[in-house]
$ cat structure.cif   # mmCIF, C-alpha atoms and all ligand atoms
data_query
#
loop_
_atom_site.label_atom_id
_atom_site.label_comp_id
_atom_site.auth_asym_id
_atom_site.auth_seq_id
_atom_site.Cartn_x
_atom_site.Cartn_y
_atom_site.Cartn_z
CA MET A 1 19.76 -56.41 -58.27
CA ALA A 2 19.20 -53.77 -60.92
CA SER A 3 19.15 -50.10 -61.66
CA LEU A 4 16.48 -48.61 -63.85
CA GLU A 5 16.84 -45.57 -66.06
CA ILE A 6 13.94 -43.69 -67.64
CA GLN A 7 15.16 -41.16 -70.20
CA GLN A 8 13.01 -38.64 -72.04
CA VAL A 9 10.04 -40.98 -72.12
CA THR A 10 6.88 -39.75 -73.79
CA LYS A 11 3.62 -41.55 -74.44
CA ARG A 12 0.74 -40.53 -76.65
CA PHE A 13 -2.60 -42.23 -77.05
CA GLY A 14 -3.70 -40.94 -80.46
CA SER A 15 -3.38 -37.19 -80.30
CA LEU A 16 -3.38 -37.14 -76.48
CA GLY A 17 -0.04 -36.61 -74.76
CA ILE A 18 -0.16 -38.80 -71.64
CA LEU A 19 3.49 -38.79 -70.54
CA LYS A 20 5.73 -35.82 -71.24
CA ASP A 21 9.51 -36.09 -71.09
CA ILE A 22 9.84 -38.35 -68.05
CA ASN A 23 13.39 -38.65 -66.66
CA LEU A 24 14.01 -40.79 -63.58
CA THR A 25 16.96 -42.79 -62.34
CA ILE A 26 16.16 -45.55 -59.89
CA ASP A 27 19.15 -46.94 -58.04
CA ASP A 28 19.84 -50.54 -57.28
CA GLY A 29 17.67 -51.63 -54.34
CA GLU A 30 15.79 -48.36 -54.19
CA PHE A 31 12.08 -48.04 -53.31
CA LEU A 32 10.76 -45.35 -55.63
CA VAL A 33 7.19 -44.16 -55.13
CA LEU A 34 5.37 -42.61 -58.06
CA VAL A 35 2.57 -40.51 -56.63
CA GLY A 36 -0.02 -38.24 -58.22
CA PRO A 37 -3.74 -37.76 -58.72
CA SER A 38 -5.86 -40.23 -60.64
CA GLY A 39 -5.35 -39.97 -64.40
CA CYS A 40 -1.89 -38.36 -64.26
CA GLY A 41 -0.23 -41.28 -66.06
CA LYS A 42 1.20 -43.45 -63.25
CA SER A 43 -0.16 -46.78 -64.51
CA THR A 44 0.80 -45.94 -68.06
CA LEU A 45 4.41 -45.36 -67.00
CA LEU A 46 4.47 -48.57 -64.96
CA ASN A 47 3.01 -50.56 -67.86
CA ILE A 48 5.68 -49.15 -70.14
CA ILE A 49 8.41 -50.17 -67.68
CA ALA A 50 6.88 -53.65 -67.51
CA GLY A 51 6.87 -53.89 -71.30
CA LEU A 52 3.08 -54.20 -71.37
CA GLU A 53 2.67 -50.97 -73.31
CA PRO A 54 4.95 -49.49 -75.99
CA LEU A 55 6.43 -46.04 -75.46
CA THR A 56 6.16 -43.28 -78.04
CA SER A 57 9.71 -41.98 -77.61
CA GLY A 58 12.57 -42.20 -75.16
CA VAL A 59 14.48 -45.06 -73.58
CA ILE A 60 14.00 -47.26 -70.54
CA SER A 61 16.99 -49.33 -69.53
CA ILE A 62 17.70 -51.92 -66.87
CA ASP A 63 21.35 -52.17 -65.87
CA GLY A 64 22.24 -50.11 -68.91
CA ARG A 65 20.35 -52.27 -71.46
CA SER A 66 17.31 -50.88 -73.24
CA VAL A 67 14.21 -52.93 -72.34
CA GLU A 68 13.12 -52.87 -75.96
CA GLN A 69 16.19 -54.92 -76.80
CA LEU A 70 15.53 -57.44 -74.04
CA GLU A 71 13.47 -60.56 -74.58
CA PRO A 72 10.42 -60.61 -72.27
CA LYS A 73 12.03 -63.29 -70.09
CA GLU A 74 15.27 -61.30 -69.87
CA ARG A 75 13.41 -58.30 -68.50
CA ASP A 76 12.90 -60.02 -65.19
CA ILE A 77 10.21 -57.67 -63.98
CA ALA A 78 7.33 -58.66 -61.71
CA MET A 79 4.19 -56.60 -61.26
CA VAL A 80 1.59 -56.64 -58.49
CA PHE A 81 -1.78 -55.05 -59.24
CA GLN A 82 -4.65 -54.03 -57.00
CA SER A 83 -6.81 -56.85 -58.34
CA TYR A 84 -5.19 -59.96 -56.95
CA ALA A 85 -5.87 -62.15 -59.98
CA LEU A 86 -5.21 -65.41 -58.17
CA TYR A 87 -6.46 -68.63 -59.73
CA PRO A 88 -9.58 -69.44 -57.67
CA SER A 89 -9.45 -73.21 -58.16
CA MET A 90 -5.80 -73.56 -57.12
CA THR A 91 -4.39 -73.63 -53.60
CA VAL A 92 -2.11 -70.83 -52.44
CA ALA A 93 0.88 -73.14 -52.92
CA ARG A 94 -0.09 -73.90 -56.52
CA ASN A 95 -0.84 -70.25 -57.24
CA MET A 96 2.64 -69.36 -56.05
CA ALA A 97 4.30 -72.26 -57.86
CA PHE A 98 2.56 -71.47 -61.14
CA PRO A 99 5.21 -69.09 -62.56
CA LEU A 100 7.89 -71.64 -61.67
CA MET A 101 5.98 -74.46 -63.33
CA MET A 102 5.75 -72.30 -66.47
CA ARG A 103 9.52 -71.97 -66.34
CA GLY A 104 9.91 -75.72 -66.22
CA LEU A 105 11.27 -76.06 -62.68
CA SER A 106 10.94 -79.50 -61.09
CA LYS A 107 8.29 -80.13 -58.43
CA SER A 108 10.90 -80.16 -55.66
CA GLU A 109 12.51 -76.92 -56.88
CA GLN A 110 9.05 -75.33 -57.00
CA ALA A 111 8.23 -76.53 -53.48
CA ALA A 112 11.54 -75.29 -52.06
CA LYS A 113 11.13 -71.81 -53.53
CA VAL A 114 7.45 -71.54 -52.54
CA SER A 115 8.31 -72.54 -49.00
CA GLU A 116 11.14 -69.97 -48.78
CA VAL A 117 8.96 -67.12 -50.06
CA ALA A 118 5.93 -68.18 -47.97
CA ASP A 119 8.18 -68.04 -44.92
CA LEU A 120 9.34 -64.55 -45.85
CA LEU A 121 5.75 -63.35 -46.24
CA GLN A 122 4.50 -65.25 -43.20
CA ILE A 123 1.91 -67.18 -45.16
CA SER A 124 3.29 -70.71 -44.65
CA HIS A 125 0.16 -71.69 -42.71
CA LEU A 126 -2.06 -70.70 -45.67
CA LEU A 127 -0.44 -72.79 -48.39
CA GLU A 128 -3.20 -75.40 -48.65
CA ARG A 129 -6.07 -72.88 -48.70
CA LYS A 130 -7.94 -71.61 -51.73
CA PRO A 131 -8.01 -67.85 -52.45
CA GLN A 132 -11.66 -67.48 -51.38
CA GLN A 133 -10.69 -68.72 -47.91
CA LEU A 134 -8.30 -65.78 -47.47
CA SER A 135 -8.73 -62.22 -46.25
CA GLY A 136 -7.91 -59.29 -48.57
CA GLY A 137 -4.54 -58.76 -46.92
CA GLN A 138 -3.66 -62.44 -47.14
CA ARG A 139 -4.57 -62.50 -50.83
CA GLN A 140 -2.38 -59.50 -51.43
CA ARG A 141 0.51 -61.32 -49.71
CA VAL A 142 -0.04 -64.36 -51.92
CA ALA A 143 -0.02 -62.12 -55.00
CA MET A 144 3.30 -60.67 -53.82
CA GLY A 145 4.56 -64.18 -53.18
CA ARG A 146 3.68 -65.23 -56.67
CA ALA A 147 5.66 -62.28 -58.01
CA LEU A 148 8.61 -62.91 -55.69
CA VAL A 149 9.15 -66.62 -56.38
CA ARG A 150 10.55 -65.69 -59.79
CA ASP A 151 13.29 -63.61 -58.20
CA PRO A 152 12.63 -60.65 -60.46
CA LYS A 153 15.27 -57.92 -60.79
CA VAL A 154 12.62 -55.22 -60.58
CA PHE A 155 9.40 -55.19 -58.61
CA LEU A 156 6.50 -53.01 -59.77
CA PHE A 157 3.39 -52.28 -57.69
CA ASP A 158 0.30 -50.53 -59.05
CA GLU A 159 -1.79 -49.28 -56.11
CA PRO A 160 -1.65 -52.69 -54.45
CA LEU A 161 -3.43 -51.56 -51.28
CA SER A 162 -6.23 -49.46 -52.72
CA ASN A 163 -8.85 -52.24 -52.33
CA LEU A 164 -8.04 -52.81 -48.65
CA ASP A 165 -9.66 -51.12 -45.67
CA ALA A 166 -7.79 -48.34 -43.86
CA LYS A 167 -6.41 -50.39 -40.98
CA LEU A 168 -5.14 -53.17 -43.22
CA ARG A 169 -3.62 -50.61 -45.57
CA VAL A 170 -1.47 -49.30 -42.75
CA ASP A 171 -0.39 -52.83 -41.73
CA MET A 172 0.43 -53.79 -45.31
CA ARG A 173 2.55 -50.66 -45.78
CA THR A 174 4.73 -51.83 -42.92
CA GLU A 175 4.77 -55.37 -44.33
CA ILE A 176 5.85 -54.27 -47.78
CA LYS A 177 8.59 -52.05 -46.33
CA ARG A 178 9.81 -54.87 -44.14
CA LEU A 179 9.85 -57.18 -47.14
CA HIS A 180 11.81 -54.62 -49.12
CA GLN A 181 14.34 -54.25 -46.35
CA ARG A 182 14.90 -57.99 -46.45
CA VAL A 183 15.06 -58.57 -50.21
CA ARG A 184 16.31 -55.12 -51.31
CA LYS A 185 14.75 -55.37 -54.73
CA THR A 186 14.62 -52.33 -56.96
CA THR A 187 10.99 -51.27 -56.63
CA VAL A 188 8.66 -48.81 -58.33
CA TYR A 189 5.51 -48.38 -56.28
CA VAL A 190 2.55 -46.42 -57.65
CA THR A 191 -0.02 -44.81 -55.37
CA HIS A 192 -2.29 -41.79 -55.21
CA ASP A 193 -1.88 -41.80 -51.41
CA GLN A 194 0.52 -39.15 -50.11
CA VAL A 195 1.01 -40.81 -46.73
CA GLU A 196 1.94 -44.08 -48.41
CA ALA A 197 4.47 -42.18 -50.51
CA MET A 198 5.98 -40.31 -47.57
CA THR A 199 6.27 -43.35 -45.32
CA MET A 200 7.45 -45.96 -47.83
CA ALA A 201 9.72 -44.24 -50.33
CA THR A 202 13.47 -43.87 -50.49
CA ARG A 203 12.67 -41.30 -53.20
CA ILE A 204 9.39 -39.94 -54.53
CA ALA A 205 8.42 -38.76 -58.01
CA VAL A 206 5.38 -36.48 -57.80
CA MET A 207 3.40 -36.46 -61.07
CA LYS A 208 0.70 -34.26 -62.49
CA ASP A 209 -0.73 -34.37 -66.03
CA GLY A 210 2.01 -36.64 -67.35
CA VAL A 211 4.83 -34.47 -66.01
CA VAL A 212 7.14 -35.22 -63.08
CA GLN A 213 6.80 -32.13 -60.90
CA GLN A 214 9.51 -33.11 -58.43
CA PHE A 215 11.85 -36.03 -57.83
CA GLY A 216 13.49 -36.26 -54.43
CA THR A 217 13.62 -37.81 -50.98
CA PRO A 218 10.52 -37.55 -48.77
CA ALA A 219 12.35 -34.92 -46.70
CA GLN A 220 13.21 -32.83 -49.77
CA ILE A 221 9.64 -33.03 -51.07
CA TYR A 222 8.24 -32.10 -47.69
CA GLU A 223 10.66 -29.35 -46.79
CA ARG A 224 11.33 -27.85 -50.21
CA PRO A 225 8.36 -28.50 -52.50
CA ALA A 226 9.21 -27.45 -56.06
CA ASN A 227 5.92 -25.66 -56.70
CA THR A 228 2.48 -25.02 -55.24
CA PHE A 229 1.05 -28.22 -56.73
CA VAL A 230 3.61 -30.35 -54.88
CA ALA A 231 3.14 -28.35 -51.68
CA THR A 232 -0.64 -28.70 -51.81
CA PHE A 233 -0.78 -32.30 -52.99
CA MET A 234 1.87 -33.56 -50.59
CA GLY A 235 0.62 -31.47 -47.69
CA SER A 236 3.94 -29.69 -47.23
CA PRO A 237 4.05 -26.48 -45.20
CA ALA A 238 3.54 -23.60 -47.68
P1 LIG B 301 -3.22 -43.11 -63.36
O1 LIG B 301 -2.70 -44.49 -63.22
O2 LIG B 301 -2.27 -42.06 -62.84
O3 LIG B 301 -4.57 -42.92 -62.75
P2 LIG B 301 -3.33 -43.73 -66.20
O4 LIG B 301 -1.91 -43.99 -66.57
O5 LIG B 301 -4.19 -44.90 -65.99
O6 LIG B 301 -3.36 -42.77 -64.92
O7 LIG B 301 -3.98 -42.83 -67.30
C1 LIG B 301 -3.42 -41.60 -67.73
C2 LIG B 301 -4.27 -41.02 -68.81
O8 LIG B 301 -4.18 -41.80 -69.97
C3 LIG B 301 -5.75 -40.92 -68.46
O9 LIG B 301 -6.23 -39.71 -68.94
C4 LIG B 301 -6.34 -42.09 -69.20
O10 LIG B 301 -7.67 -41.83 -69.55
C5 LIG B 301 -5.47 -42.19 -70.43
N1 LIG B 301 -5.35 -43.56 -70.95
C6 LIG B 301 -4.89 -44.64 -70.27
N2 LIG B 301 -4.89 -45.73 -71.06
C7 LIG B 301 -5.38 -45.34 -72.26
C8 LIG B 301 -5.62 -46.00 -73.50
N3 LIG B 301 -5.36 -47.30 -73.68
N4 LIG B 301 -6.12 -45.25 -74.52
C9 LIG B 301 -6.35 -43.94 -74.38
N5 LIG B 301 -6.15 -43.25 -73.24
C10 LIG B 301 -5.66 -43.94 -72.19
MG MG B 302 -3.54 -46.16 -62.25
#
$ encode --input "structure.cif" --output "structure tokens"
Amino acid sequence: MASLEIQQVTKRFGSLGILKDINLTIDDGEFLVLVGPSGCGKSTLLNIIAGLEPLTSGVISIDGRSVEQLEPKERDIAMVFQSYALYPSMTVARNMAFPLMMRGLSKSEQAAKVSEVADLLQISHLLERKPQQLSGGQRQRVAMGRALVRDPKVFLFDEPLSNLDAKLRVDMRTEIKRLHQRVRKTTVYVTHDQVEAMTMATRIAVMKDGVVQQFGTPAQIYERPANTFVATFMGSPA
């Protein structure tokens, strides 16, 4: 379990200001959704949290420790992207065990953890298949499984459902929420989809042009939008 604090974070690419004074506090076990139009800086912020991209100024801390001071393996963050990036030649079981193998766990430890997580994600019957024998939704579950086996403190999702068709997207929303209710991992979930944000979040940060326009519960955002952008983008009553 972990809390995440984002304080006065800015990011510039050359002379371009991409993130401007971002301040967010994400509580232990919370499901925060970062929502905003394409290009507003969502992935950049997520990549900074994951330690994949340096920040220009500000501090990000996990349980009160600045991520810059943590070794990569101490950060304990797992990220799921929209591209599933599974190893095509490996079975589902081996794909999921891969991060554990890299950590030096024994074969039996790997198998026990893979089996536990596969059970949680209801993919136990798929363990001997190869990725190309899976549907889009099943692949996405395997990708989540591969992230979960490591027991990360923080779970990051970058538009994980945007490659799926509409029906599957709705099913996977429910799946991911159900999973969160069971594991209660601190989660930051990025989407440009307002309905996803409204239905999945404990709190929502609405972004535009690198600025958080409003940070609040779905009810607060819906009933008391901070400005016309939030009202229009989130479909709140004017
Ligand atoms: P989002 O995920 O909300 O669609 P991004 O975080 O991907 O937005 O991008 C935010 C802005 O930063 C965009 O204008 C994008 O073109 C720019 N950007 C992203 N990565 C780089 C980079 N490596 N170099 C320069 N500009 C970048
Ligand atoms: Mg993005």
$ atom_distance --input "structure.cif" --atom1 "CA of Gly39 (chain A)" --atom2 "CA of Lys185 (chain A)"
27.1 Å
$ closest_residue --input "structure.cif" --among "A:Val183, A:Leu24, A:Val35, A:Leu100" --to "ligand MG 302 (chain B)" --atoms "all atoms listed in the file"
A:Val35
$ atom_distance --input "structure.cif" --atom1 "CA of Glu53 (chain A)" --atom2 "CA of Gly14 (chain A)"
13.9 Å
$ residues_near_ligand --input "structure.cif" --ligand "ligand LIG 301 (chain B)" --cutoff "6 Å" --atoms "only C-alpha atoms and all ligand atoms" --output "ChimeraX atom specification"
/A:13,18,38-44
$ closest_residue --input "structure.cif" --among "A:Gly145, A:Pro160, A:Gly36, A:Gly210" --to "Lys20 (chain A)" --atoms "all atoms listed in the file"
A:Gly210
$ residues_around --input "structure.cif" --residues "region 47-49 of chain A" --least-positions-apart "5" --cutoff "9 Å" --atoms "all atoms listed in the file" --output "VMD selection string"
chain A and resid 6 11 42 54 to 55 60 to 61 67 77 156
$ atom_distance --input "structure.cif" --atom1 "CA of His192 (chain A)" --atom2 "CA of Glu5 (chain A)"
22.3 Å
$ residues_near_point --input "structure.cif" --point "(0.0, -47.1, -50.5)" --cutoff "12 Å" --atoms "only C-alpha atoms" --output "PyMOL selection string"
chain A and resi 33-36+81-82+157-177+188-201
$ axis_aligned_box --input "structure.cif" --around "region 196-210 of chain A" --padding-each-side "4 Å" --output "lines of an AutoDock Vina configuration file"
center_x = 6.4
center_y = -40.1
center_z = -56.3
size_x = 22.2
size_y = 19.7
size_z = 30.0
$ closest_residue --input "structure.cif" --among "A:Met234, A:Tyr87, A:Met207, A:Asp119" --to "ligand MG 302 (chain B)" --atoms "only C-alpha atoms and all ligand atoms"
A:Met207
$ closest_residue --input "structure.cif" --among "A:Leu19, A:Leu45, A:Ile26, A:Ala2" --to "ligand MG 302 (chain B)" --atoms "only C-alpha atoms and all ligand atoms"
A:Leu45
$ closest_residue --input "structure.cif" --among "A:Met1, A:Leu127, A:Ala50, A:Ala226" --to "Ala97 (chain A)" --atoms "all atoms listed in the file"
A:Leu127
$ closest_atom_pairs --input "structure.cif" --of "region 146-180 of chain A" --to "region 106-110 of chain A" --cutoff "12 Å" --atoms "all atoms listed in the file" --output "Markdown table"
| residue | atom | partner | partner_atom | distance |
| --- | --- | --- | --- | --- |
| A:Arg146 | CA | A:Gln110 | CA | 11.4 |
| A:Val149 | CA | A:Gln110 | CA | 8.7 |
| A:Arg150 | CA | A:Gln110 | CA | 10.1 |
$ residues_around --input "structure.cif" --residues "Pro152 (chain A)" --least-positions-apart "4" --cutoff "7 Å" --atoms "all atoms listed in the file" --output "PDB file with C-alpha atoms, in the frame of the given file"
ATOM      1  CA  ASP A  76      12.900 -60.020 -65.190  1.00  0.00           C
ATOM      2  CA  ILE A  77      10.210 -57.670 -63.980  1.00  0.00           C
ATOM      3  CA  ALA A  78       7.330 -58.660 -61.710  1.00  0.00           C
ATOM      4  CA  LEU A 148       8.610 -62.910 -55.690  1.00  0.00           C
TER       5      LEU A 148
END
$ closest_residue --input "structure.cif" --among "A:Val212, A:Met96, A:Gly136, A:Ile204" --to "Asp21 (chain A)" --atoms "only C-alpha atoms"
A:Val212
$ decode --input "structure.cif" --residues "region 24-48 of chain A" --atoms "C-alpha atoms" --output "PDB file, in the first residue's frame"
ATOM      1  CA  LEU A  24      -2.125  16.068  -6.529  1.00  0.00           C
ATOM      2  CA  THR A  25      -2.339  13.877  -3.461  1.00  0.00           C
ATOM      3  CA  ILE A  26      -3.345  10.289  -4.075  1.00  0.00           C
ATOM      4  CA  ASP A  27      -4.362   8.384  -0.968  1.00  0.00           C
ATOM      5  CA  ASP A  28      -3.464   4.847  -0.114  1.00  0.00           C
ATOM      6  CA  GLY A  29      -5.657   2.479  -2.138  1.00  0.00           C
ATOM      7  CA  GLU A  30      -7.246   5.263  -4.140  1.00  0.00           C
ATOM      8  CA  PHE A  31      -8.222   4.982  -7.834  1.00  0.00           C
ATOM      9  CA  LEU A  32      -7.331   8.341  -9.330  1.00  0.00           C
ATOM     10  CA  VAL A  33      -8.340   9.017 -12.927  1.00  0.00           C
ATOM     11  CA  LEU A  34      -6.403  11.596 -14.898  1.00  0.00           C
ATOM     12  CA  VAL A  35      -8.650  12.721 -17.735  1.00  0.00           C
ATOM     13  CA  GLY A  36      -8.236  15.328 -20.456  1.00  0.00           C
ATOM     14  CA  PRO A  37      -8.045  15.796 -24.209  1.00  0.00           C
ATOM     15  CA  SER A  38      -5.268  14.306 -26.294  1.00  0.00           C
ATOM     16  CA  GLY A  39      -1.992  16.201 -25.917  1.00  0.00           C
ATOM     17  CA  CYS A  40      -2.784  17.761 -22.520  1.00  0.00           C
ATOM     18  CA  GLY A  41       0.137  15.998 -20.806  1.00  0.00           C
ATOM     19  CA  LYS A  42      -1.422  12.894 -19.209  1.00  0.00           C
ATOM     20  CA  SER A  43       1.146  10.383 -20.473  1.00  0.00           C
ATOM     21  CA  THR A  44       3.985  12.737 -19.664  1.00  0.00           C
ATOM     22  CA  LEU A  45       2.822  12.973 -16.051  1.00  0.00           C
ATOM     23  CA  LEU A  46       2.393   9.207 -15.800  1.00  0.00           C
ATOM     24  CA  ASN A  47       5.851   8.606 -17.275  1.00  0.00           C
ATOM     25  CA  ILE A  48       7.317  11.004 -14.734  1.00  0.00           C
TER      26      ILE A  48
END
